[in-house]
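Visitor: Handing you this structure, nothing more for now.
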Amino acid sequence: MFLLKSVWDNILFHAKRSFLSVLLITIASSAMLLYRGFVEYSEQGLALSFISNSGHIQVSMKSAAEPQHTDNTGTALLSARDMEMLRSIYADMPAVKSSDAVLNFQGIIGTDTDTAVFWGAGYDSPQRLGATEGTPVFAGDQSLVLGKALFETLKLSTAQEPFVNLMSSIGDSGLLTGSFEVSGWLDTGTPQNDAGLVIASRSALLDFFELKDSASYMRVYLHKDTDMPAAQAAFDSYFAEHQLPYQTQNWKERNPSWEQISGLFRNQSSFISIILYILIFTALTQSLSASFMERLGEFGTMEAIGLKRSSVMQMLALEVCLISLAGIIGGIVLAQLGNSLTEIGNITMTPPGYTRAYRLNFYITLPAILTTQFFIFLTGIISVLHPMYTICKHSTVQLIHYNGS
């Protein structure tokens, strides 16, 4: 208790010095935490965008199964019986949150004056994809939402209730043609994707072309991302055991670019993190160490009036611990405040290669807090090693008259 009171008195006596030290640690702590939060948010956001589009796991017919029943991409289609069987399998798996069916189709789309190649998909709940302008497609609607670039290529306008003509083929139905209303357009942020994107209602497509219930694949969404390997293995094992003609692919296999993008992003962020850690380590150790070295005469005086050298060392360690903890708490609060301000201010950023701006956010997790703040605390401890060594090396009289030599 005596040591704690003495340390507190020292902090108050050197209030300005202590405040600047705490402020430095607070800024360093929040900077590390916000950067880590930005990296986590960017990587998780990228993963979630892929998962939202393709599901955690996709289940489709094996390529060799019923080759006469394929979509126009050459993929065997799931029948109504197949989908019913798969839904019953999903219902017995606690890890599965939901599932839906997707019907791929592609071909030529055009108006009276312009045509273009398109690649589209019919969804059970197409309204979830929304529309940047106009009205989203709802289940059962015989209308389409086009990608922004495709919408502009066809010179359409939502104010005129435009119609387009499609020529495609689904399954073994042969060539299909039809006229659909365009209810809006969607900007996904990727011009290459928007150049041919068509979103439709799966049920409306089947009804319009008078086709049997079918789908290219089923998307399976899980409660937890971490359950994906086990869930996929369980599906594959069940299909093999019961000799069912289905195959699975997870979202990473469906999106091979994820590994390349994620790997490049991790390498870049790791390199920047190393530089940031080195700068913060150097700044904190230099500042805190110099602050304590300037007080060596004070520590020598404490020894002269009867305080044991071991007690002086303990006071030094306890003081840096309290200052570091105060700075860490301040850093966490400042980081959370910064995160809240970006949300309130609706600050956005446009990633390279994208045309759509996304909200800037920081995904601050408990592991991120623990790792970054442990580094800050450890740096604070290391910063007093040199002052401690100096105190041990010199006598009381030398400490009182210490001038840095």
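Simple scheme: letters A, B, ... for chains in structure tokens order, numbers from 1 for residues in each chain, numbers from 1 for ligands in the order shown.
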Tell me, counting only C-alpha atoms, for each residue of region 19-108 of chain A within 6 Å of region 217-241 of chain A, which pair of atoms is nearest and how far apart they are in Å to one decimal, in rows ordered by chain and increasing number, as CSV.
Guide:
```
residue,atom,partner,partner_atom,distance
A:Gly55,CA,A:Arg219,CA,5.0
A:His56,CA,A:Tyr221,CA,5.2
A:Ile57,CA,A:Val220,CA,5.1
A:Gln58,CA,A:Arg219,CA,4.7
A:Val59,CA,A:Met218,CA,5.2
A:Ser60,CA,A:Tyr217,CA,4.5
A:Ala95,CA,A:Leu222,CA,5.6
A:Val96,CA,A:Leu222,CA,4.5
A:Lys97,CA,A:Leu222,CA,4.7
A:Ser98,CA,A:Tyr221,CA,5.3
A:Ser99,CA,A:Val220,CA,4.5
A:Asp100,CA,A:Arg219,CA,5.4
A:Ala101,CA,A:Met218,CA,4.3
A:Val102,CA,A:Tyr217,CA,5.7
```
Visitor: Find the residues around Gly120 (chain A) up to 7 Å (only C-alpha atoms counted), leave out those fewer than 5 positions away in its own chain, and share them as a PDB file with C-alpha atoms, in the first residue's frame.
Guide:
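Listed below is the output, selection-v1.pdb:
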```
ATOM      1  CA  ASN A 104     -28.351 -19.865 -64.100  1.00  0.00           C
ATOM      2  CA  PHE A 105     -29.163 -18.709 -67.609  1.00  0.00           C
ATOM      3  CA  GLN A 106     -27.298 -16.756 -70.244  1.00  0.00           C
ATOM      4  CA  LEU A 197     -25.569  -9.013 -65.039  1.00  0.00           C
ATOM      5  CA  VAL A 198     -29.255  -9.995 -65.111  1.00  0.00           C
ATOM      6  CA  ILE A 199     -31.248 -10.765 -61.950  1.00  0.00           C
TER       7      ILE A 199
END
```
Visitor: Using only C-alpha atoms for the distances, tell me which of A:Gly189, A:Gly196, A:Gly174, A:Gly338 is nearest to Leu211 (chain A).
Guide: A:Gly174
Visitor: Check region 47-296 of chain A with DSSP on the backbone and list each residue it calls strand (DSSP E), as a short mmCIF file (atom, residue, chain, number, x, y, z; two decimals) with C-alpha atoms, in the first residue's frame.
Guide:
```cif
data_model
loop_
_atom_site.label_atom_id
_atom_site.label_comp_id
_atom_site.auth_asym_id
_atom_site.auth_seq_id
_atom_site.Cartn_x
_atom_site.Cartn_y
_atom_site.Cartn_z
CA ILE A 57 -21.66 -24.26 -49.65
CA GLN A 58 -23.20 -24.97 -53.05
CA VAL A 59 -24.77 -28.33 -53.84
CA SER A 60 -25.28 -29.34 -57.47
CA MET A 61 -25.60 -32.44 -59.63
CA LEU A 78 -31.42 -30.26 -59.97
CA SER A 79 -35.02 -31.42 -60.29
CA VAL A 96 -27.41 -25.21 -41.57
CA LYS A 97 -29.20 -21.88 -41.21
CA SER A 98 -31.05 -21.64 -44.54
CA SER A 99 -30.92 -22.64 -48.18
CA ASP A 100 -32.27 -21.52 -51.53
CA ALA A 101 -32.09 -22.50 -55.18
CA VAL A 102 -30.48 -20.64 -58.09
CA LEU A 103 -31.10 -21.10 -61.80
CA ASN A 104 -28.35 -19.87 -64.10
CA PHE A 105 -29.16 -18.71 -67.61
CA GLN A 106 -27.30 -16.76 -70.24
CA GLY A 107 -27.71 -15.68 -73.81
CA ILE A 108 -28.51 -12.52 -75.73
CA ILE A 109 -30.51 -9.57 -74.43
CA GLY A 110 -31.59 -6.60 -76.48
CA THR A 115 -28.12 -6.02 -78.10
CA ALA A 116 -25.62 -7.52 -75.69
CA VAL A 117 -24.52 -10.83 -74.22
CA PHE A 118 -25.73 -11.44 -70.67
CA TRP A 119 -25.20 -13.88 -67.85
CA GLY A 120 -28.02 -14.07 -65.34
CA ALA A 121 -29.44 -15.99 -62.42
CA GLY A 122 -32.94 -16.60 -61.12
CA TYR A 123 -33.20 -16.50 -57.32
CA GLU A 133 -32.30 2.63 -58.96
CA GLY A 134 -35.82 1.44 -59.64
CA SER A 143 -39.34 -8.44 -64.46
CA LEU A 144 -35.57 -8.05 -64.42
CA VAL A 145 -32.89 -5.99 -62.72
CA LEU A 146 -29.84 -5.38 -64.90
CA GLY A 147 -26.28 -4.49 -64.05
CA PHE A 163 -38.82 -3.84 -71.92
CA VAL A 164 -36.09 -6.12 -73.23
CA ASN A 165 -36.08 -9.30 -75.29
CA LEU A 166 -34.21 -12.39 -74.09
CA MET A 167 -32.96 -15.35 -76.08
CA SER A 168 -31.63 -18.18 -73.95
CA SER A 169 -31.97 -21.89 -73.22
CA LEU A 175 -34.17 -22.09 -77.53
CA LEU A 176 -36.32 -19.81 -75.36
CA THR A 177 -37.33 -16.26 -76.15
CA GLY A 178 -39.41 -13.76 -74.23
CA SER A 179 -39.99 -10.12 -73.42
CA PHE A 180 -39.47 -8.87 -69.87
CA GLU A 181 -39.94 -5.54 -68.16
CA VAL A 182 -36.81 -4.00 -66.61
CA SER A 183 -37.69 -2.70 -63.14
CA GLY A 184 -34.29 -1.23 -62.24
CA TRP A 185 -30.53 -1.47 -62.33
CA LEU A 186 -27.91 -2.51 -59.79
CA LEU A 197 -25.57 -9.01 -65.04
CA VAL A 198 -29.25 -10.00 -65.11
CA ILE A 199 -31.25 -10.76 -61.95
CA ALA A 200 -34.60 -12.52 -62.13
CA SER A 201 -37.08 -14.49 -60.05
CA SER A 214 -35.39 -27.00 -61.53
CA ALA A 215 -32.22 -25.24 -60.44
CA TYR A 217 -27.52 -25.45 -57.70
CA MET A 218 -28.65 -24.85 -54.13
CA ARG A 219 -26.93 -22.36 -51.83
CA VAL A 220 -26.50 -23.44 -48.22
CA TYR A 221 -25.95 -20.82 -45.50
CA LEU A 222 -24.54 -21.83 -42.12
CA TYR A 246 -24.61 -34.63 -55.78
CA GLN A 247 -21.40 -32.67 -55.32
CA THR A 248 -20.41 -29.76 -53.11
CA GLN A 249 -18.24 -26.70 -53.44
CA ASN A 250 -17.55 -24.17 -50.71
#
```
Visitor: Could you name the residues that touch region 20-29 of chain A at 12 Å or less, counting only C-alpha atoms, but leaving out those on the same chain fewer than 5 positions away, as a PyMOL selection string?
Guide: chain A and resi 11+14-15+34-36+276-292+319-336+338+368-380+383
Visitor: A:Phe208, A:Asp187, A:Ser310, A:Gln192: which is nearest Gln142 (chain A), counting only C-alpha atoms?
Guide: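 Between A:Phe208, A:Asp187, A:Ser310, A:Gln192, the residue approaching Gln142 (chain A) most closely is A:Phe208.
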Visitor: May I ask for the distance between CA of Leu33 (chain A) and CA of Ile382 (chain A), given in Å to one decimal place?
Guide: 20.3 Å
Visitor: I'd like the neighbourhood of Leu3 (chain A) as a list in words, where a residue qualifies if any of its atoms comes within 9 Å (using only C-alpha atoms), though same-chain residues fewer than 2 positions away should be ignored.
Guide: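 My reading of the contact set: Met1, Lys5, Ser6, Val7, Trp8, Ser311, Val312, Gln314, Met315 and Leu318 of chain A.
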Visitor: Tell me, in Å to one decimal, how far CA of Leu156 (chain A) is from CA of Thr113 (chain A).
Guide: 10.7 Å
Visitor: When DSSP is applied to the backbone of this structure, which of region 194-377 of chain A are assigned helix (DSSP H, G or I)? Write them out as a tab-separated table (two decimals) with N, CA and C atoms, in the first residue's frame.
Guide:
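Okay, this is what ended up in selection_18.tsv:
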```tsv
chain	number	residue	atom	x	y	z
A	194	ASP	N	-21.04	-5.94	-63.84
A	194	ASP	CA	-22.25	-5.22	-64.24
A	194	ASP	C	-22.47	-5.21	-65.75
A	202	ARG	N	-36.57	-16.86	-59.94
A	202	ARG	CA	-36.49	-18.22	-60.48
A	202	ARG	C	-37.89	-18.76	-60.82
A	203	SER	N	-38.81	-18.58	-59.89
A	203	SER	CA	-40.17	-19.10	-60.13
A	203	SER	C	-40.82	-18.42	-61.33
A	204	ALA	N	-40.58	-17.11	-61.51
A	204	ALA	CA	-41.15	-16.39	-62.64
A	204	ALA	C	-40.57	-16.89	-63.95
A	205	LEU	N	-39.26	-17.16	-63.97
A	205	LEU	CA	-38.64	-17.69	-65.19
A	205	LEU	C	-39.25	-19.04	-65.57
A	206	LEU	N	-39.40	-19.91	-64.58
A	206	LEU	CA	-39.95	-21.23	-64.84
A	206	LEU	C	-41.39	-21.14	-65.33
A	207	ASP	N	-42.17	-20.26	-64.71
A	207	ASP	CA	-43.56	-20.10	-65.13
A	207	ASP	C	-43.66	-19.49	-66.52
A	208	PHE	N	-42.86	-18.46	-66.78
A	208	PHE	CA	-42.93	-17.75	-68.05
A	208	PHE	C	-42.59	-18.68	-69.21
A	225	ASP	N	-19.43	-19.31	-39.78
A	225	ASP	CA	-18.48	-19.50	-40.87
A	225	ASP	C	-17.51	-20.64	-40.56
A	226	THR	N	-17.18	-20.81	-39.29
A	226	THR	CA	-16.20	-21.83	-38.89
A	226	THR	C	-16.74	-23.25	-39.06
A	227	ASP	N	-18.06	-23.39	-39.23
A	227	ASP	CA	-18.66	-24.73	-39.40
A	227	ASP	C	-18.53	-25.24	-40.83
A	228	MET	N	-18.04	-24.40	-41.75
A	228	MET	CA	-18.05	-24.78	-43.16
A	228	MET	C	-17.28	-26.06	-43.47
A	229	PRO	N	-16.02	-26.23	-43.03
A	229	PRO	CA	-15.30	-27.47	-43.38
A	229	PRO	C	-16.02	-28.72	-42.88
A	230	ALA	N	-16.51	-28.69	-41.64
A	230	ALA	CA	-17.19	-29.86	-41.08
A	230	ALA	C	-18.50	-30.13	-41.81
A	231	ALA	N	-19.24	-29.07	-42.14
A	231	ALA	CA	-20.52	-29.24	-42.83
A	231	ALA	C	-20.30	-29.80	-44.24
A	232	GLN	N	-19.32	-29.29	-44.95
A	232	GLN	CA	-19.05	-29.79	-46.29
A	232	GLN	C	-18.62	-31.26	-46.24
A	233	ALA	N	-17.79	-31.60	-45.28
A	233	ALA	CA	-17.36	-32.99	-45.13
A	233	ALA	C	-18.54	-33.89	-44.81
A	234	ALA	N	-19.47	-33.39	-43.99
A	234	ALA	CA	-20.66	-34.18	-43.64
A	234	ALA	C	-21.53	-34.41	-44.88
A	235	PHE	N	-21.70	-33.36	-45.72
A	235	PHE	CA	-22.47	-33.52	-46.95
A	235	PHE	C	-21.82	-34.55	-47.87
A	236	ASP	N	-20.52	-34.41	-48.10
A	236	ASP	CA	-19.82	-35.33	-49.00
A	236	ASP	C	-19.90	-36.76	-48.50
A	237	SER	N	-19.75	-36.94	-47.20
A	237	SER	CA	-19.83	-38.28	-46.62
A	237	SER	C	-21.22	-38.88	-46.80
A	238	TYR	N	-22.25	-38.06	-46.56
A	238	TYR	CA	-23.63	-38.55	-46.69
A	238	TYR	C	-23.94	-38.91	-48.14
A	239	PHE	N	-23.52	-38.05	-49.08
A	239	PHE	CA	-23.79	-38.33	-50.49
A	239	PHE	C	-23.07	-39.59	-50.95
A	240	ALA	N	-21.83	-39.78	-50.50
A	240	ALA	CA	-21.08	-40.97	-50.88
A	240	ALA	C	-21.67	-42.23	-50.26
A	241	GLU	N	-22.07	-42.13	-48.99
A	241	GLU	CA	-22.61	-43.29	-48.29
A	241	GLU	C	-23.92	-43.76	-48.91
A	251	TRP	N	-17.53	-21.77	-50.69
A	251	TRP	CA	-17.46	-20.44	-51.32
A	251	TRP	C	-16.04	-20.09	-51.76
A	252	LYS	N	-15.05	-20.66	-51.11
A	252	LYS	CA	-13.67	-20.39	-51.52
A	252	LYS	C	-13.34	-21.10	-52.83
A	253	GLU	N	-13.87	-22.31	-52.99
A	253	GLU	CA	-13.66	-23.04	-54.23
A	253	GLU	C	-14.42	-22.39	-55.39
A	254	ARG	N	-15.58	-21.82	-55.09
A	254	ARG	CA	-16.36	-21.14	-56.12
A	254	ARG	C	-15.76	-19.79	-56.50
A	257	SER	N	-10.53	-16.40	-56.81
A	257	SER	CA	-9.85	-15.11	-56.67
A	257	SER	C	-9.73	-14.68	-55.22
A	258	TRP	N	-10.55	-15.28	-54.33
A	258	TRP	CA	-10.52	-14.91	-52.92
A	258	TRP	C	-9.13	-15.13	-52.32
A	259	GLU	N	-8.55	-16.30	-52.59
A	259	GLU	CA	-7.24	-16.61	-52.02
A	259	GLU	C	-6.18	-15.63	-52.51
A	260	GLN	N	-6.24	-15.27	-53.78
A	260	GLN	CA	-5.26	-14.33	-54.33
A	260	GLN	C	-5.45	-12.94	-53.73
A	261	ILE	N	-6.71	-12.49	-53.69
A	261	ILE	CA	-6.98	-11.15	-53.14
A	261	ILE	C	-6.66	-11.11	-51.66
A	262	SER	N	-7.09	-12.14	-50.93
A	262	SER	CA	-6.86	-12.19	-49.49
A	262	SER	C	-5.37	-12.29	-49.17
A	263	GLY	N	-4.65	-13.12	-49.94
A	263	GLY	CA	-3.21	-13.26	-49.71
A	263	GLY	C	-2.46	-11.96	-49.96
A	264	LEU	N	-2.81	-11.29	-51.06
A	264	LEU	CA	-2.17	-10.00	-51.36
A	264	LEU	C	-2.49	-8.98	-50.28
A	265	PHE	N	-3.74	-8.96	-49.84
A	265	PHE	CA	-4.15	-8.01	-48.82
A	265	PHE	C	-3.44	-8.29	-47.50
A	266	ARG	N	-3.33	-9.56	-47.13
A	266	ARG	CA	-2.65	-9.91	-45.86
A	266	ARG	C	-1.17	-9.55	-45.92
A	267	ASN	N	-0.53	-9.79	-47.06
A	267	ASN	CA	0.89	-9.44	-47.18
A	267	ASN	C	1.10	-7.93	-47.05
A	268	GLN	N	0.25	-7.17	-47.70
A	268	GLN	CA	0.37	-5.72	-47.63
A	268	GLN	C	0.12	-5.22	-46.21
A	269	SER	N	-0.94	-5.72	-45.58
A	269	SER	CA	-1.27	-5.27	-44.23
A	269	SER	C	-0.22	-5.71	-43.23
A	270	SER	N	0.37	-6.90	-43.42
A	270	SER	CA	1.42	-7.37	-42.51
A	270	SER	C	2.66	-6.48	-42.61
A	271	PHE	N	3.01	-6.10	-43.84
A	271	PHE	CA	4.17	-5.23	-44.03
A	271	PHE	C	3.95	-3.87	-43.37
A	272	ILE	N	2.75	-3.31	-43.58
A	272	ILE	CA	2.44	-2.02	-42.95
A	272	ILE	C	2.39	-2.16	-41.43
A	273	SER	N	1.87	-3.29	-40.94
A	273	SER	CA	1.80	-3.52	-39.49
A	273	SER	C	3.18	-3.56	-38.86
A	274	ILE	N	4.12	-4.22	-39.54
A	274	ILE	CA	5.49	-4.30	-39.02
A	274	ILE	C	6.10	-2.90	-38.89
A	275	ILE	N	5.90	-2.09	-39.93
A	275	ILE	CA	6.42	-0.72	-39.89
A	275	ILE	C	5.76	0.05	-38.75
A	276	LEU	N	4.45	-0.08	-38.61
A	276	LEU	CA	3.72	0.62	-37.56
A	276	LEU	C	4.19	0.18	-36.17
A	277	TYR	N	4.38	-1.11	-35.99
A	277	TYR	CA	4.83	-1.63	-34.69
A	277	TYR	C	6.23	-1.11	-34.36
A	278	ILE	N	7.11	-1.09	-35.35
A	278	ILE	CA	8.47	-0.61	-35.11
A	278	ILE	C	8.46	0.87	-34.72
A	279	LEU	N	7.67	1.67	-35.44
A	279	LEU	CA	7.60	3.10	-35.13
A	279	LEU	C	7.05	3.34	-33.72
A	280	ILE	N	5.98	2.62	-33.38
A	280	ILE	CA	5.38	2.80	-32.05
A	280	ILE	C	6.31	2.29	-30.96
A	281	PHE	N	6.97	1.17	-31.20
A	281	PHE	CA	7.91	0.63	-30.21
A	281	PHE	C	9.04	1.62	-29.97
A	282	THR	N	9.60	2.17	-31.04
A	282	THR	CA	10.70	3.11	-30.91
A	282	THR	C	10.26	4.39	-30.20
A	283	ALA	N	9.10	4.91	-30.58
A	283	ALA	CA	8.62	6.16	-29.98
A	283	ALA	C	8.32	6.00	-28.50
A	284	LEU	N	7.64	4.90	-28.14
A	284	LEU	CA	7.27	4.70	-26.73
A	284	LEU	C	8.48	4.43	-25.85
A	285	THR	N	9.37	3.55	-26.30
A	285	THR	CA	10.54	3.23	-25.47
A	285	THR	C	11.43	4.46	-25.29
A	286	GLN	N	11.61	5.22	-26.36
A	286	GLN	CA	12.45	6.41	-26.26
A	286	GLN	C	11.84	7.44	-25.32
A	287	SER	N	10.54	7.69	-25.47
A	287	SER	CA	9.87	8.70	-24.66
A	287	SER	C	9.81	8.31	-23.18
A	288	LEU	N	9.33	7.10	-22.92
A	288	LEU	CA	9.18	6.67	-21.53
A	288	LEU	C	10.53	6.49	-20.85
A	289	SER	N	11.48	5.92	-21.56
A	289	SER	CA	12.80	5.71	-20.97
A	289	SER	C	13.46	7.05	-20.64
A	290	ALA	N	13.38	8.01	-21.57
A	290	ALA	CA	13.97	9.33	-21.32
A	290	ALA	C	13.28	10.02	-20.15
A	291	SER	N	11.97	9.82	-20.03
A	291	SER	CA	11.22	10.43	-18.94
A	291	SER	C	11.71	9.94	-17.58
A	292	PHE	N	11.98	8.63	-17.47
A	292	PHE	CA	12.45	8.08	-16.20
A	292	PHE	C	13.94	8.37	-15.97
A	293	MET	N	14.72	8.43	-17.05
A	293	MET	CA	16.14	8.72	-16.89
A	293	MET	C	16.35	10.12	-16.34
A	296	LEU	N	16.48	10.20	-12.40
A	296	LEU	CA	17.40	9.34	-11.64
A	296	LEU	C	17.87	10.03	-10.35
A	297	GLY	N	18.06	11.33	-10.41
A	297	GLY	CA	18.43	12.05	-9.18
A	297	GLY	C	17.37	11.91	-8.11
A	298	GLU	N	16.12	11.94	-8.50
A	298	GLU	CA	15.00	11.76	-7.57
A	298	GLU	C	15.04	10.38	-6.94
A	299	PHE	N	15.33	9.35	-7.76
A	299	PHE	CA	15.41	7.99	-7.23
A	299	PHE	C	16.60	7.84	-6.28
A	300	GLY	N	17.72	8.53	-6.61
A	300	GLY	CA	18.87	8.50	-5.71
A	300	GLY	C	18.55	9.13	-4.37
A	301	THR	N	17.80	10.21	-4.38
A	301	THR	CA	17.39	10.88	-3.15
A	301	THR	C	16.52	9.95	-2.30
A	302	MET	N	15.63	9.20	-2.95
A	302	MET	CA	14.79	8.24	-2.23
A	302	MET	C	15.64	7.20	-1.50
A	303	GLU	N	16.69	6.74	-2.18
A	303	GLU	CA	17.59	5.78	-1.53
A	303	GLU	C	18.33	6.43	-0.37
A	304	ALA	N	18.70	7.70	-0.54
A	304	ALA	CA	19.47	8.40	0.50
A	304	ALA	C	18.67	8.57	1.78
A	309	ARG	N	16.72	-0.09	-2.40
A	309	ARG	CA	16.83	-0.04	-3.86
A	309	ARG	C	15.78	-0.94	-4.52
A	310	SER	N	15.50	-2.08	-3.91
A	310	SER	CA	14.47	-2.97	-4.46
A	310	SER	C	13.11	-2.29	-4.46
A	311	SER	N	12.84	-1.48	-3.44
A	311	SER	CA	11.56	-0.76	-3.38
A	311	SER	C	11.49	0.32	-4.47
A	312	VAL	N	12.63	0.96	-4.74
A	312	VAL	CA	12.69	1.96	-5.82
A	312	VAL	C	12.39	1.29	-7.17
A	313	MET	N	12.97	0.09	-7.37
A	313	MET	CA	12.74	-0.64	-8.61
A	313	MET	C	11.27	-1.03	-8.74
A	314	GLN	N	10.68	-1.46	-7.63
A	314	GLN	CA	9.26	-1.83	-7.66
A	314	GLN	C	8.38	-0.62	-7.96
A	315	MET	N	8.73	0.53	-7.36
A	315	MET	CA	7.97	1.74	-7.63
A	315	MET	C	8.05	2.12	-9.12
A	316	LEU	N	9.24	1.96	-9.69
A	316	LEU	CA	9.43	2.29	-11.09
A	316	LEU	C	8.58	1.39	-11.98
A	317	ALA	N	8.59	0.08	-11.69
A	317	ALA	CA	7.81	-0.88	-12.48
A	317	ALA	C	6.31	-0.62	-12.31
A	318	LEU	N	5.89	-0.34	-11.07
A	318	LEU	CA	4.48	-0.11	-10.80
A	318	LEU	C	4.00	1.18	-11.49
A	319	GLU	N	4.84	2.19	-11.49
A	319	GLU	CA	4.45	3.45	-12.12
A	319	GLU	C	4.27	3.30	-13.62
A	320	VAL	N	5.18	2.58	-14.29
A	320	VAL	CA	5.05	2.42	-15.73
A	320	VAL	C	3.85	1.52	-16.05
A	321	CYS	N	3.55	0.57	-15.15
A	321	CYS	CA	2.37	-0.28	-15.37
A	321	CYS	C	1.09	0.54	-15.29
A	322	LEU	N	1.00	1.42	-14.30
A	322	LEU	CA	-0.20	2.26	-14.15
A	322	LEU	C	-0.35	3.21	-15.34
A	323	ILE	N	0.76	3.82	-15.74
A	323	ILE	CA	0.70	4.74	-16.89
A	323	ILE	C	0.29	3.99	-18.16
A	324	SER	N	0.86	2.79	-18.35
A	324	SER	CA	0.53	2.00	-19.54
A	324	SER	C	-0.93	1.57	-19.54
A	325	LEU	N	-1.43	1.13	-18.39
A	325	LEU	CA	-2.83	0.72	-18.29
A	325	LEU	C	-3.78	1.89	-18.55
A	326	ALA	N	-3.42	3.06	-18.01
A	326	ALA	CA	-4.25	4.24	-18.26
A	326	ALA	C	-4.27	4.59	-19.75
A	327	GLY	N	-3.09	4.51	-20.40
A	327	GLY	CA	-3.02	4.79	-21.82
A	327	GLY	C	-3.77	3.75	-22.65
A	328	ILE	N	-3.70	2.48	-22.24
A	328	ILE	CA	-4.40	1.41	-22.96
A	328	ILE	C	-5.91	1.60	-22.88
A	329	ILE	N	-6.40	1.90	-21.68
A	329	ILE	CA	-7.84	2.15	-21.52
A	329	ILE	C	-8.27	3.34	-22.37
A	330	GLY	N	-7.46	4.40	-22.34
A	330	GLY	CA	-7.76	5.56	-23.16
A	330	GLY	C	-7.73	5.24	-24.64
A	331	GLY	N	-6.78	4.38	-25.04
A	331	GLY	CA	-6.68	3.99	-26.46
A	331	GLY	C	-7.89	3.21	-26.92
A	332	ILE	N	-8.37	2.28	-26.08
A	332	ILE	CA	-9.56	1.49	-26.44
A	332	ILE	C	-10.78	2.40	-26.57
A	333	VAL	N	-10.93	3.33	-25.62
A	333	VAL	CA	-12.06	4.26	-25.66
A	333	VAL	C	-11.97	5.15	-26.91
A	334	LEU	N	-10.77	5.65	-27.19
A	334	LEU	CA	-10.57	6.52	-28.36
A	334	LEU	C	-10.86	5.76	-29.66
A	335	ALA	N	-10.43	4.50	-29.72
A	335	ALA	CA	-10.68	3.70	-30.93
A	335	ALA	C	-12.17	3.47	-31.13
A	336	GLN	N	-12.88	3.16	-30.04
A	336	GLN	CA	-14.32	2.96	-30.15
A	336	GLN	C	-15.02	4.26	-30.53
A	337	LEU	N	-14.54	5.36	-30.01
A	337	LEU	CA	-15.10	6.67	-30.36
A	337	LEU	C	-14.88	6.97	-31.84
A	338	GLY	N	-13.68	6.68	-32.32
A	338	GLY	CA	-13.39	6.89	-33.74
A	338	GLY	C	-14.27	6.03	-34.62
A	339	ASN	N	-14.50	4.79	-34.21
A	339	ASN	CA	-15.38	3.89	-34.96
A	339	ASN	C	-16.80	4.44	-35.01
A	340	SER	N	-17.28	4.95	-33.87
A	340	SER	CA	-18.63	5.50	-33.80
A	340	SER	C	-18.76	6.75	-34.67
A	341	LEU	N	-17.71	7.58	-34.69
A	341	LEU	CA	-17.76	8.80	-35.48
A	341	LEU	C	-17.82	8.49	-36.98
A	342	THR	N	-17.12	7.45	-37.43
A	342	THR	CA	-17.18	7.08	-38.85
A	342	THR	C	-18.58	6.58	-39.22
A	343	GLU	N	-19.24	5.90	-38.28
A	343	GLU	CA	-20.60	5.43	-38.53
A	343	GLU	C	-21.58	6.61	-38.57
A	344	ILE	N	-21.46	7.51	-37.60
A	344	ILE	CA	-22.35	8.66	-37.54
A	344	ILE	C	-22.14	9.57	-38.76
A	366	LEU	N	-12.21	-8.82	-29.81
A	366	LEU	CA	-11.49	-9.08	-28.56
A	366	LEU	C	-10.05	-9.56	-28.82
A	367	PRO	N	-9.83	-10.51	-29.75
A	367	PRO	CA	-8.44	-10.90	-30.03
A	367	PRO	C	-7.58	-9.74	-30.49
A	368	ALA	N	-8.16	-8.83	-31.29
A	368	ALA	CA	-7.41	-7.66	-31.75
A	368	ALA	C	-7.04	-6.76	-30.58
A	369	ILE	N	-7.98	-6.57	-29.66
A	369	ILE	CA	-7.70	-5.74	-28.47
A	369	ILE	C	-6.60	-6.36	-27.63
A	370	LEU	N	-6.69	-7.67	-27.40
A	370	LEU	CA	-5.72	-8.35	-26.53
A	370	LEU	C	-4.31	-8.31	-27.12
A	371	THR	N	-4.19	-8.59	-28.43
A	371	THR	CA	-2.85	-8.65	-29.04
A	371	THR	C	-2.20	-7.26	-29.13
A	372	THR	N	-2.96	-6.28	-29.60
A	372	THR	CA	-2.38	-4.93	-29.75
A	372	THR	C	-2.05	-4.29	-28.40
A	373	GLN	N	-2.95	-4.47	-27.43
A	373	GLN	CA	-2.72	-3.82	-26.14
A	373	GLN	C	-1.65	-4.55	-25.31
A	374	PHE	N	-1.51	-5.85	-25.55
A	374	PHE	CA	-0.40	-6.56	-24.89
A	374	PHE	C	0.93	-6.04	-25.41
A	375	PHE	N	0.99	-5.77	-26.71
A	375	PHE	CA	2.22	-5.20	-27.28
A	375	PHE	C	2.51	-3.83	-26.66
A	376	ILE	N	1.50	-3.01	-26.49
A	376	ILE	CA	1.69	-1.69	-25.87
A	376	ILE	C	2.18	-1.84	-24.44
A	377	PHE	N	1.56	-2.74	-23.69
A	377	PHE	CA	1.94	-2.94	-22.29
A	377	PHE	C	3.37	-3.48	-22.20
```
